[in-house]
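Student: Below is the file query07.csv, which contains CSV, C-alpha atoms.
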```
chain,number,residue,atom,x,y,z
V,43,MET,CA,0.0,0.0,0.0
V,44,THR,CA,1.5,3.4,-1.0
V,45,GLY,CA,0.1,6.4,0.8
V,46,GLY,CA,-1.1,4.3,3.7
V,47,SER,CA,-0.7,7.2,6.2
V,48,GLY,CA,-3.2,9.4,4.4
V,49,TYR,CA,-6.9,9.7,4.9
V,50,PHE,CA,-8.1,7.1,2.4
V,51,GLY,CA,-5.0,5.0,2.5
V,52,SER,CA,-5.2,4.4,6.3
V,53,LEU,CA,-8.9,3.5,5.9
V,54,LEU,CA,-8.1,1.1,3.1
V,55,VAL,CA,-5.4,-0.5,5.3
V,56,ASP,CA,-7.9,-1.2,8.0
V,57,ARG,CA,-10.4,-2.7,5.5
V,58,LEU,CA,-7.7,-5.0,4.1
V,59,LEU,CA,-6.7,-6.1,7.6
V,60,GLU,CA,-10.4,-6.9,8.4
V,61,ARG,CA,-10.3,-9.3,5.4
V,62,GLY,CA,-7.3,-11.1,6.7
V,63,HIS,CA,-4.6,-9.6,4.5
V,64,ARG,CA,-1.1,-8.8,5.6
V,65,VAL,CA,-0.3,-5.1,4.8
V,66,ARG,CA,2.9,-3.2,4.2
V,67,VAL,CA,2.7,0.6,4.0
V,68,LEU,CA,5.0,2.9,2.0
V,69,ASP,CA,4.8,6.6,3.0
V,70,LEU,CA,6.9,9.5,3.9
V,71,HIS,CA,5.5,9.7,7.4
V,72,ASP,CA,4.1,7.2,9.8
V,73,THR,CA,1.0,7.8,11.9
V,74,ASP,CA,0.4,7.6,15.6
V,75,ASP,CA,-2.6,5.2,15.0
V,76,ARG,CA,-0.8,2.6,12.8
V,77,ARG,CA,-1.5,-0.9,14.1
V,78,ASP,CA,1.5,-3.0,15.2
V,79,ASP,CA,0.7,-5.7,12.7
V,80,VAL,CA,1.2,-3.3,9.7
V,81,GLU,CA,4.7,-3.1,8.4
V,82,PHE,CA,5.9,0.4,7.6
V,83,VAL,CA,8.5,1.5,5.1
V,84,ALA,CA,9.5,5.2,5.2
V,85,GLY,CA,10.4,6.7,1.9
V,86,ASP,CA,9.6,8.7,-1.1
V,87,ILE,CA,7.6,7.1,-4.0
V,88,ARG,CA,10.2,8.6,-6.4
V,89,ASP,CA,13.1,6.7,-4.8
V,90,VAL,CA,13.6,3.6,-6.9
V,91,SER,CA,15.6,1.7,-4.2
V,92,ILE,CA,13.0,2.4,-1.5
V,93,VAL,CA,10.1,1.4,-3.8
V,94,ASP,CA,11.9,-1.8,-4.9
V,95,HIS,CA,12.2,-2.7,-1.2
V,96,ALA,CA,8.6,-1.8,-0.4
V,97,VAL,CA,7.1,-4.1,-3.2
V,98,SER,CA,9.5,-7.0,-2.6
V,99,GLY,CA,7.4,-10.2,-1.9
V,100,VAL,CA,4.1,-8.3,-2.4
V,101,ASP,CA,1.1,-9.9,-4.2
V,102,GLN,CA,-1.0,-6.8,-4.7
V,103,VAL,CA,-0.2,-3.1,-4.6
V,104,PHE,CA,-2.8,-0.4,-3.9
V,105,HIS,CA,-1.3,2.9,-5.0
V,106,ASN,CA,-2.7,5.9,-3.2
V,107,VAL,CA,0.3,8.3,-2.9
V,108,ALA,CA,-0.6,11.6,-4.5
V,109,GLN,CA,0.0,15.3,-4.2
V,110,VAL,CA,-3.4,16.8,-3.8
V,111,PRO,CA,-4.6,20.0,-5.6
V,112,LEU,CA,-3.9,22.1,-2.5
V,113,ALA,CA,-0.2,21.5,-3.0
V,114,ARG,CA,-0.3,24.2,-5.7
V,115,ASP,CA,3.1,23.2,-7.0
V,116,PRO,CA,2.9,21.9,-10.7
V,117,GLU,CA,6.4,20.4,-10.5
V,118,LEU,CA,5.6,18.5,-7.3
V,119,LEU,CA,2.2,17.4,-8.7
V,120,ARG,CA,3.9,15.9,-11.7
V,121,SER,CA,7.0,14.4,-10.1
V,122,VAL,CA,5.0,12.7,-7.3
V,123,ASN,CA,1.8,11.8,-9.2
V,124,VAL,CA,3.4,10.8,-12.5
V,125,ASP,CA,7.1,10.0,-11.9
V,126,GLY,CA,6.3,8.3,-8.7
V,127,THR,CA,3.6,6.1,-10.4
V,128,THR,CA,6.1,5.2,-13.1
V,129,VAL,CA,8.7,4.2,-10.5
V,130,LEU,CA,6.1,2.1,-8.7
V,131,LEU,CA,5.0,0.4,-11.9
V,132,GLY,CA,8.7,-0.5,-12.8
V,133,ALA,CA,9.4,-1.8,-9.3
V,134,SER,CA,6.2,-3.9,-9.4
V,135,ALA,CA,7.2,-5.4,-12.7
V,136,ARG,CA,10.6,-6.3,-11.4
V,137,ALA,CA,9.1,-7.8,-8.2
V,138,GLY,CA,6.5,-9.8,-10.1
V,139,VAL,CA,3.6,-8.1,-8.4
V,140,GLY,CA,0.4,-9.8,-9.5
V,141,LYS,CA,-2.1,-6.9,-9.3
V,142,ILE,CA,-1.9,-3.1,-9.0
V,143,VAL,CA,-4.9,-0.9,-8.2
V,144,HIS,CA,-4.2,2.7,-9.0
V,145,THR,CA,-6.4,5.3,-7.3
V,146,SER,CA,-6.9,8.2,-9.8
V,147,SER,CA,-9.3,11.1,-9.7
V,148,SER,CA,-12.4,12.4,-11.4
V,149,ALA,CA,-10.4,15.6,-12.1
V,150,VAL,CA,-9.1,13.9,-15.2
V,151,PHE,CA,-12.5,14.8,-16.8
V,152,GLY,CA,-12.3,18.5,-16.0
V,153,VAL,CA,-15.7,20.1,-16.5
V,154,PRO,CA,-17.5,17.4,-18.5
V,155,GLU,CA,-19.5,18.4,-21.6
V,156,THR,CA,-22.3,16.1,-20.8
V,157,ASN,CA,-23.4,14.0,-17.8
V,158,PRO,CA,-23.3,11.3,-16.7
V,159,VAL,CA,-19.6,10.6,-17.4
V,160,LEU,CA,-19.5,7.2,-19.0
V,161,ALA,CA,-16.8,4.5,-18.9
V,162,THR,CA,-16.2,5.6,-22.5
V,163,THR,CA,-16.0,9.3,-21.9
V,164,VAL,CA,-12.6,10.7,-23.0
V,165,PRO,CA,-10.8,12.6,-20.2
V,166,ARG,CA,-10.1,16.3,-20.7
V,167,PRO,CA,-8.5,17.8,-17.6
V,168,ARG,CA,-8.6,21.6,-17.1
V,169,GLU,CA,-5.9,22.2,-14.4
V,170,ALA,CA,-2.5,20.9,-13.3
V,171,TYR,CA,-3.7,18.3,-10.8
V,172,GLY,CA,-6.1,16.7,-13.4
V,173,HIS,CA,-3.3,16.7,-16.0
V,174,ALA,CA,-0.9,15.0,-13.6
V,175,LYS,CA,-3.5,12.3,-12.6
V,176,LEU,CA,-4.3,11.7,-16.3
V,177,ALA,CA,-0.6,11.3,-17.1
V,178,ALA,CA,-0.3,8.8,-14.2
V,179,GLU,CA,-3.2,6.9,-15.8
V,180,TRP,CA,-1.3,6.8,-19.1
V,181,ALA,CA,1.7,5.3,-17.3
V,182,CYS,CA,-0.7,2.6,-15.9
V,183,LEU,CA,-2.1,1.9,-19.4
V,184,ASP,CA,1.4,1.6,-20.8
V,185,ALA,CA,2.3,-0.9,-18.1
V,186,ALA,CA,-0.9,-2.8,-18.9
V,187,ARG,CA,0.0,-3.0,-22.6
V,188,ALA,CA,3.4,-4.4,-21.5
V,189,GLY,CA,1.7,-7.2,-19.5
V,190,ALA,CA,1.0,-5.7,-16.1
V,191,ASP,CA,-2.4,-6.4,-14.4
V,192,VAL,CA,-3.4,-2.8,-13.5
V,193,SER,CA,-6.8,-1.5,-12.6
V,194,ILE,CA,-7.5,2.3,-12.4
V,195,VAL,CA,-10.2,3.4,-9.9
V,196,ARG,CA,-11.5,7.0,-10.3
V,197,PRO,CA,-13.4,8.3,-7.3
V,198,ARG,CA,-15.7,11.3,-7.2
V,199,THR,CA,-15.1,13.7,-4.3
V,200,ILE,CA,-14.4,11.6,-1.2
V,201,LEU,CA,-16.3,12.0,2.1
V,202,GLY,CA,-16.6,9.9,5.3
V,203,HIS,CA,-15.6,9.8,8.9
V,204,GLY,CA,-12.4,11.7,9.4
V,205,ARG,CA,-12.3,13.3,6.0
V,206,LEU,CA,-11.3,16.9,6.5
V,207,GLY,CA,-9.3,19.2,4.2
V,208,ILE,CA,-11.5,21.8,2.6
V,209,PHE,CA,-14.5,20.0,4.2
V,210,GLY,CA,-13.2,20.9,7.6
V,211,ILE,CA,-13.8,24.6,6.8
V,212,LEU,CA,-17.4,23.8,5.7
V,213,PHE,CA,-18.1,21.9,8.9
V,214,ASP,CA,-16.5,24.6,11.0
V,215,TRP,CA,-18.8,27.2,9.5
V,216,ILE,CA,-21.9,25.2,10.0
V,217,ALA,CA,-21.0,24.2,13.5
V,218,ASP,CA,-20.7,27.9,14.4
V,219,GLY,CA,-23.9,28.8,12.7
V,220,ALA,CA,-22.2,30.5,9.7
V,221,ASP,CA,-23.9,30.2,6.4
V,222,PRO,CA,-22.3,28.0,3.7
V,223,ILE,CA,-22.2,29.3,0.2
V,224,VAL,CA,-23.1,28.0,-3.2
V,225,LEU,CA,-22.1,29.6,-6.4
V,226,GLY,CA,-24.9,30.6,-8.8
V,227,ASP,CA,-28.3,29.1,-7.9
V,228,GLY,CA,-26.8,25.9,-6.6
V,229,SER,CA,-28.7,23.8,-9.0
V,230,ASN,CA,-25.7,21.9,-10.3
V,231,ARG,CA,-25.9,18.2,-9.6
V,232,TYR,CA,-22.7,17.0,-7.8
V,233,GLN,CA,-21.8,13.5,-6.9
V,234,PHE,CA,-19.6,12.3,-4.0
V,235,VAL,CA,-18.4,9.0,-2.7
V,236,HIS,CA,-18.1,7.6,0.8
V,237,ALA,CA,-14.6,6.4,1.6
V,238,ASP,CA,-16.0,3.0,2.7
V,239,ASP,CA,-17.7,2.5,-0.6
V,240,LEU,CA,-14.5,3.5,-2.4
V,241,ALA,CA,-12.5,1.0,-0.3
V,242,ASP,CA,-14.9,-1.7,-1.2
V,243,ALA,CA,-14.5,-0.9,-4.9
V,244,CYS,CA,-10.7,-0.9,-4.7
V,245,ILE,CA,-10.6,-4.2,-2.9
V,246,ALA,CA,-13.1,-5.7,-5.5
V,247,ALA,CA,-10.9,-4.3,-8.3
V,248,GLY,CA,-7.8,-5.9,-6.7
V,249,ALA,CA,-9.6,-9.3,-6.6
V,250,ARG,CA,-10.5,-9.1,-10.3
V,251,SER,CA,-8.0,-10.2,-13.0
V,252,GLY,CA,-7.5,-8.1,-16.0
V,253,ALA,CA,-6.7,-4.4,-16.6
V,254,ASP,CA,-9.7,-2.1,-16.4
V,255,VAL,CA,-11.0,1.4,-15.4
V,256,PHE,CA,-13.7,2.0,-12.9
V,257,ASN,CA,-15.6,5.2,-12.2
V,258,ILE,CA,-16.9,5.2,-8.6
V,259,GLY,CA,-19.5,7.4,-6.8
V,260,THR,CA,-22.8,7.3,-4.9
V,261,ASP,CA,-26.0,6.6,-6.8
V,262,ARG,CA,-28.1,8.9,-4.5
V,263,PHE,CA,-27.3,12.5,-4.8
V,264,GLY,CA,-28.8,15.9,-5.7
V,265,THR,CA,-27.8,19.4,-6.3
V,266,MET,CA,-25.1,21.3,-4.5
V,267,TYR,CA,-27.8,23.5,-2.8
V,268,GLU,CA,-29.8,20.5,-1.8
V,269,THR,CA,-26.7,18.8,-0.3
V,270,LEU,CA,-25.7,21.8,1.8
V,271,ASP,CA,-29.3,22.6,2.8
V,272,ALA,CA,-29.7,19.0,4.1
V,273,LEU,CA,-26.5,19.3,6.1
V,274,CYS,CA,-27.6,22.6,7.6
V,275,ARG,CA,-30.9,21.0,8.7
V,276,HIS,CA,-29.0,18.0,10.1
V,277,ALA,CA,-26.7,20.3,12.1
V,278,ASP,CA,-29.5,22.5,13.4
V,279,THR,CA,-27.2,25.4,14.3
V,280,GLY,CA,-29.1,28.2,12.4
V,281,ALA,CA,-26.8,28.1,9.4
V,282,THR,CA,-28.6,28.4,6.1
V,283,VAL,CA,-27.3,28.3,2.5
V,284,ARG,CA,-26.4,31.5,0.8
V,285,ARG,CA,-26.1,32.0,-3.0
V,286,LEU,CA,-23.4,34.1,-4.6
V,287,PRO,CA,-23.0,35.0,-8.3
V,288,ALA,CA,-20.8,32.3,-9.7
V,289,GLY,CA,-18.6,34.6,-12.0
V,290,PRO,CA,-17.5,37.2,-9.4
V,291,ALA,CA,-17.1,34.6,-6.6
V,292,GLY,CA,-15.0,32.3,-8.8
V,293,ILE,CA,-12.7,35.3,-9.7
V,294,ALA,CA,-12.4,36.1,-6.0
V,295,MET,CA,-11.5,32.5,-5.2
V,296,ARG,CA,-8.9,32.4,-7.9
V,297,ALA,CA,-7.3,35.8,-6.9
V,298,THR,CA,-7.1,35.1,-3.1
V,299,ALA,CA,-5.7,31.6,-3.8
V,300,ARG,CA,-3.0,32.9,-6.0
V,301,LEU,CA,-2.1,35.4,-3.3
V,302,GLY,CA,-1.9,32.6,-0.7
V,303,LEU,CA,-4.8,34.1,1.2
V,304,ALA,CA,-7.3,31.3,0.7
V,305,PRO,CA,-7.1,27.5,0.7
V,306,PHE,CA,-8.5,27.0,-2.8
V,307,ALA,CA,-7.1,25.1,-5.8
V,308,PRO,CA,-8.1,25.6,-9.4
V,309,TYR,CA,-10.3,22.5,-9.3
V,310,HIS,CA,-12.4,24.2,-6.6
V,311,TRP,CA,-13.3,27.3,-8.6
V,312,LEU,CA,-13.7,25.3,-11.8
V,313,MET,CA,-16.1,22.7,-10.4
V,314,TYR,CA,-18.0,24.1,-7.4
V,315,SER,CA,-20.8,25.5,-9.6
V,316,LYS,CA,-20.7,22.8,-12.2
V,317,SER,CA,-22.5,19.5,-12.5
V,318,MET,CA,-20.7,16.2,-12.6
V,319,TRP,CA,-21.6,12.6,-12.0
V,320,PHE,CA,-20.5,9.2,-13.0
V,321,ASP,CA,-22.5,6.4,-14.6
V,322,LEU,CA,-21.9,3.4,-12.4
V,323,ASP,CA,-23.1,0.6,-14.6
V,324,HIS,CA,-19.6,-0.7,-15.5
V,325,ALA,CA,-18.4,-0.8,-11.9
V,326,ARG,CA,-21.6,-2.6,-10.8
V,327,ASP,CA,-21.4,-5.1,-13.6
V,328,ALA,CA,-17.7,-5.9,-13.5
V,329,LEU,CA,-17.1,-5.7,-9.8
V,330,GLY,CA,-20.4,-6.8,-8.3
V,331,TRP,CA,-20.2,-3.5,-6.3
V,332,THR,CA,-22.8,-1.1,-5.4
V,333,PRO,CA,-22.6,2.0,-3.2
V,334,ARG,CA,-24.2,1.9,0.3
V,335,TRP,CA,-24.0,5.6,1.2
V,336,SER,CA,-26.1,8.4,-0.1
V,337,THR,CA,-24.7,12.0,-0.2
V,338,ASP,CA,-26.9,13.2,2.6
V,339,GLU,CA,-25.9,10.2,4.8
V,340,MET,CA,-22.2,10.7,4.2
V,341,PHE,CA,-22.3,14.4,4.9
V,342,ALA,CA,-24.2,13.9,8.1
V,343,GLN,CA,-21.7,11.2,9.3
V,344,SER,CA,-18.7,13.3,8.3
V,345,TYR,CA,-20.1,16.4,10.1
V,346,ASP,CA,-20.9,14.4,13.2
V,347,TRP,CA,-17.3,12.9,13.3
V,348,TYR,CA,-16.0,16.4,12.9
V,349,LEU,CA,-18.0,17.7,15.9
V,350,GLU,CA,-16.7,14.7,18.0
V,351,HIS,CA,-13.1,15.3,17.1
V,352,ARG,CA,-13.1,19.1,16.5
V,353,ASP,CA,-10.4,19.9,19.0
V,354,ALA,CA,-8.0,17.6,17.2
V,355,THR,CA,-8.6,18.5,13.6
V,356,ASP,CA,-5.8,21.0,13.1
V,357,ASP,CA,-2.8,18.6,13.5
V,358,ALA,CA,-0.1,20.1,11.3
V,359,ALA,CA,1.7,16.8,11.1
V,360,ALA,CA,-1.3,15.0,9.6
V,361,SER,CA,-1.9,14.5,5.8
V,362,ARG,CA,-3.9,17.2,4.1
V,363,HIS,CA,-7.1,15.2,4.1
V,364,ARG,CA,-6.8,14.2,7.7
V,365,ARG,CA,-6.6,17.8,9.0
V,366,SER,CA,-8.8,20.9,8.3
V,367,ALA,CA,-7.4,23.2,5.7
V,368,SER,CA,-6.3,26.6,7.0
V,369,GLN,CA,-9.0,29.2,6.3
V,370,GLY,CA,-7.0,32.3,5.7
V,371,ILE,CA,-9.1,35.1,4.5
V,372,VAL,CA,-12.1,32.7,4.3
V,373,GLY,CA,-12.2,32.9,8.1
V,374,LEU,CA,-12.9,36.7,7.8
V,375,VAL,CA,-15.7,36.0,5.3
V,376,LYS,CA,-17.2,33.6,7.8
V,377,HIS,CA,-17.4,36.2,10.5
V,378,LEU,CA,-18.7,38.9,8.1
V,379,GLY,CA,-21.3,36.5,6.9
V,380,ARG,CA,-22.6,36.1,10.4
V,381,VAL,CA,-23.4,39.8,10.7
V,382,LEU,CA,-24.6,40.6,7.2
V,383,PRO,CA,-28.3,40.3,6.3
V,384,ARG,CA,-29.4,37.1,4.7
V,385,ALA,CA,-31.0,38.6,1.6
V,386,GLU,CA,-29.7,35.7,-0.5
V,387,ALA,CA,-30.4,32.9,2.0
V,388,THR,CA,-33.4,30.6,1.4
V,389,ARG,CA,-34.4,27.2,2.6
```
Translate this file's structure into structure tokens.
Tutor:
Amino acid sequence: MTGGSGYFGSLLVDRLLERGHRVRVLDLHDTDDRRDDVEFVAGDIRDVSIVDHAVSGVDQVFHNVAQVPLARDPELLRSVNVDGTTVLLGASARAGVGKIVHTSSSAVFGVPETNPVLATTVPRPREAYGHAKLAAEWACLDAARAGADVSIVRPRTILGHGRLGIFGILFDWIADGADPIVLGDGSNRYQFVHADDLADACIAAGARSGADVFNIGTDRFGTMYETLDALCRHADTGATVRRLPAGPAGIAMRATARLGLAPFAPYHWLMYSKSMWFDLDHARDALGWTPRWSTDEMFAQSYDWYLEHRDATDDAAASRHRRSASQGIVGLVKHLGRVLPRAEATR
């Protein structure tokens, strides 16, 4: 398992252990909650000797190491996500690894021209992270053509117990009664996936022979406005959804992010007001998999987890998705929003 100290990687480790697998983790940093029966290899995914050691004697590799969009470093995005994947594929070939499951991203599709995104939809990324993840997929496809058994799993936006990052900001706002914001009228349909459902899909892909690509998300979801409104009603803190004009708000997100004042990445301002969802038929048919969590259920569970662990969600040593993103100027907007009239807020 690469990236086994991150949010999803650590969850996948636990799920594999539950199924009786022995697990070895390759990551830059260990975690305080790693189980004693999990072997840990400290190192960089771009280090050939370290990766050779990590995959020695391994039957399956689940590849989850990635630089996330918030890294904002195009060179780092490419060297970790693409070069690191290439190093892993080479080491796996030398070690005779039987199966590789590569976790990619829906960012490879950018803003889709039509929905749902099908198994046959051609990827067209729109920003550096999406381009890097697509290039990593190409490396996997090259390896498959050379004889490797590689499956690519593309998740929609991941939620679940312990998932923070940019969601930590959303949960902080709602917990304090501050109004979350949608861009435009919020009528864009937006699909998420629970980390447990994604883990099940990855494990199912690992058990299936033959190279393939699987798009993974929930099958019960609505618009962005409906999603946040349901969360506000679940939280019952007085927060209510506000609408802002998509154009000016997107420009403000881009400008403050480039100045280092806000925790946004290009994918956020590109997609927050856009619709995107996967067709799941291929994953259902090929993997015998179906999602268990709806969007409303996963948001409620994630929010409740946040409330229970709120005092420990700012651990600077944790991976980006296991800690809340720093709010920057967004924190000022939160406080201003609590004193401004709710002319744009509706239920």
Student: Restricting the calculation to only C-alpha atoms, which member of V:His63, V:Lys175, V:Arg250, V:His236 is positioned closest to Val143 in chain V?
Tutor: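 Comparing V:His63, V:Lys175, V:Arg250, V:His236 against Val143 in chain V, the winner is V:Arg250.
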Student: List the neighbours of Gly202 in chain V out to 8 Å using all atoms listed in the file; skip same-chain residues closer than 2 positions along the sequence, and give me the result as a PyMOL selection string.
Tutor: chain V and resi 200+204-205+236-238+340-341+343-344
Student: Take the selection from the previous step and output its residues with C-alpha atoms, as a compact mmCIF listing (two decimals), keeping the file's coordinate frame.
Tutor:
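As written to disk, result-v9.txt reads:
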```
# COMPACT_ATOMS: atom_id res chain seq x y z
CA ILE V 200 -14.40 11.60 -1.20
CA GLY V 204 -12.40 11.70 9.40
CA ARG V 205 -12.30 13.30 6.00
CA HIS V 236 -18.10 7.60 0.80
CA ALA V 237 -14.60 6.40 1.60
CA ASP V 238 -16.00 3.00 2.70
CA MET V 340 -22.20 10.70 4.20
CA PHE V 341 -22.30 14.40 4.90
CA GLN V 343 -21.70 11.20 9.30
CA SER V 344 -18.70 13.30 8.30
```
Student: Quick one: residues within 10 Å of Val164 in chain V, all atoms listed in the file, excluding same-chain residues fewer than 6 positions away - as a PyMOL selection string?
Tutor: chain V and resi 150-151+154
Student: What does the distance from CA of Arg334 in chain V to CA of Arg198 in chain V come to in Å, to one decimal?
Tutor: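 Taking CA of Arg334 in chain V as the start and CA of Arg198 in chain V as the end point, the length is 14.7 Å.
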Student: Taking the point (6.6, -0.2, -13.0) as given in the file, collect each protein or nucleic acid residue that comes within 8 Å of it, counting all atoms listed in the file, and present the set as an NGL selection string.
Tutor: :V and (127-136 or 185)
Student: Export, as a JSON list (two decimals), in the frame of the given file, the selected residues with C-alpha atoms.
Tutor:
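Saved to part19.json:
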```json
[["chain", "number", "residue", "atom", "x", "y", "z"],
["V", 127, "THR", "CA", 3.60, 6.10, -10.40],
["V", 128, "THR", "CA", 6.10, 5.20, -13.10],
["V", 129, "VAL", "CA", 8.70, 4.20, -10.50],
["V", 130, "LEU", "CA", 6.10, 2.10, -8.70],
["V", 131, "LEU", "CA", 5.00, 0.40, -11.90],
["V", 132, "GLY", "CA", 8.70, -0.50, -12.80],
["V", 133, "ALA", "CA", 9.40, -1.80, -9.30],
["V", 134, "SER", "CA", 6.20, -3.90, -9.40],
["V", 135, "ALA", "CA", 7.20, -5.40, -12.70],
["V", 136, "ARG", "CA", 10.60, -6.30, -11.40],
["V", 185, "ALA", "CA", 2.30, -0.90, -18.10]]
```
Student: Pick out the closest residue to Arg57 in chain V from this set: V:Cys244, V:Gly172, V:Gly292, V:Asp271. Count only C-alpha atoms.
Tutor: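 Between V:Cys244, V:Gly172, V:Gly292, V:Asp271, the residue approaching Arg57 in chain V most closely is V:Cys244.
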Student: Rounded to one decimal in Å, what is the spacing between CA of Val107 in chain V and CA of Ile142 in chain V?
Tutor: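 CA of Ile142 in chain V lies 13.1 Å from CA of Val107 in chain V.
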Student: For His173 in chain V, which residue among V:Gly302, V:Gly189, V:Gly228, V:Pro111 is the nearest when counting all atoms listed in the file?
Tutor: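 Comparing V:Gly302, V:Gly189, V:Gly228, V:Pro111 against His173 in chain V, the winner is V:Pro111.
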Student: Identify which of the residues V:Ala291, V:Met43, V:Met313, V:Leu349 lies closest to Val153 in chain V, counting all atoms listed in the file when measuring atom-to-atom distances.
Tutor: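 Closest residue, counting all atoms listed in the file: V:Met313.
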Student: Any idea what the distance is between CA of Gln369 in chain V and CA of Ala307 in chain V?
Tutor: 12.9 Å
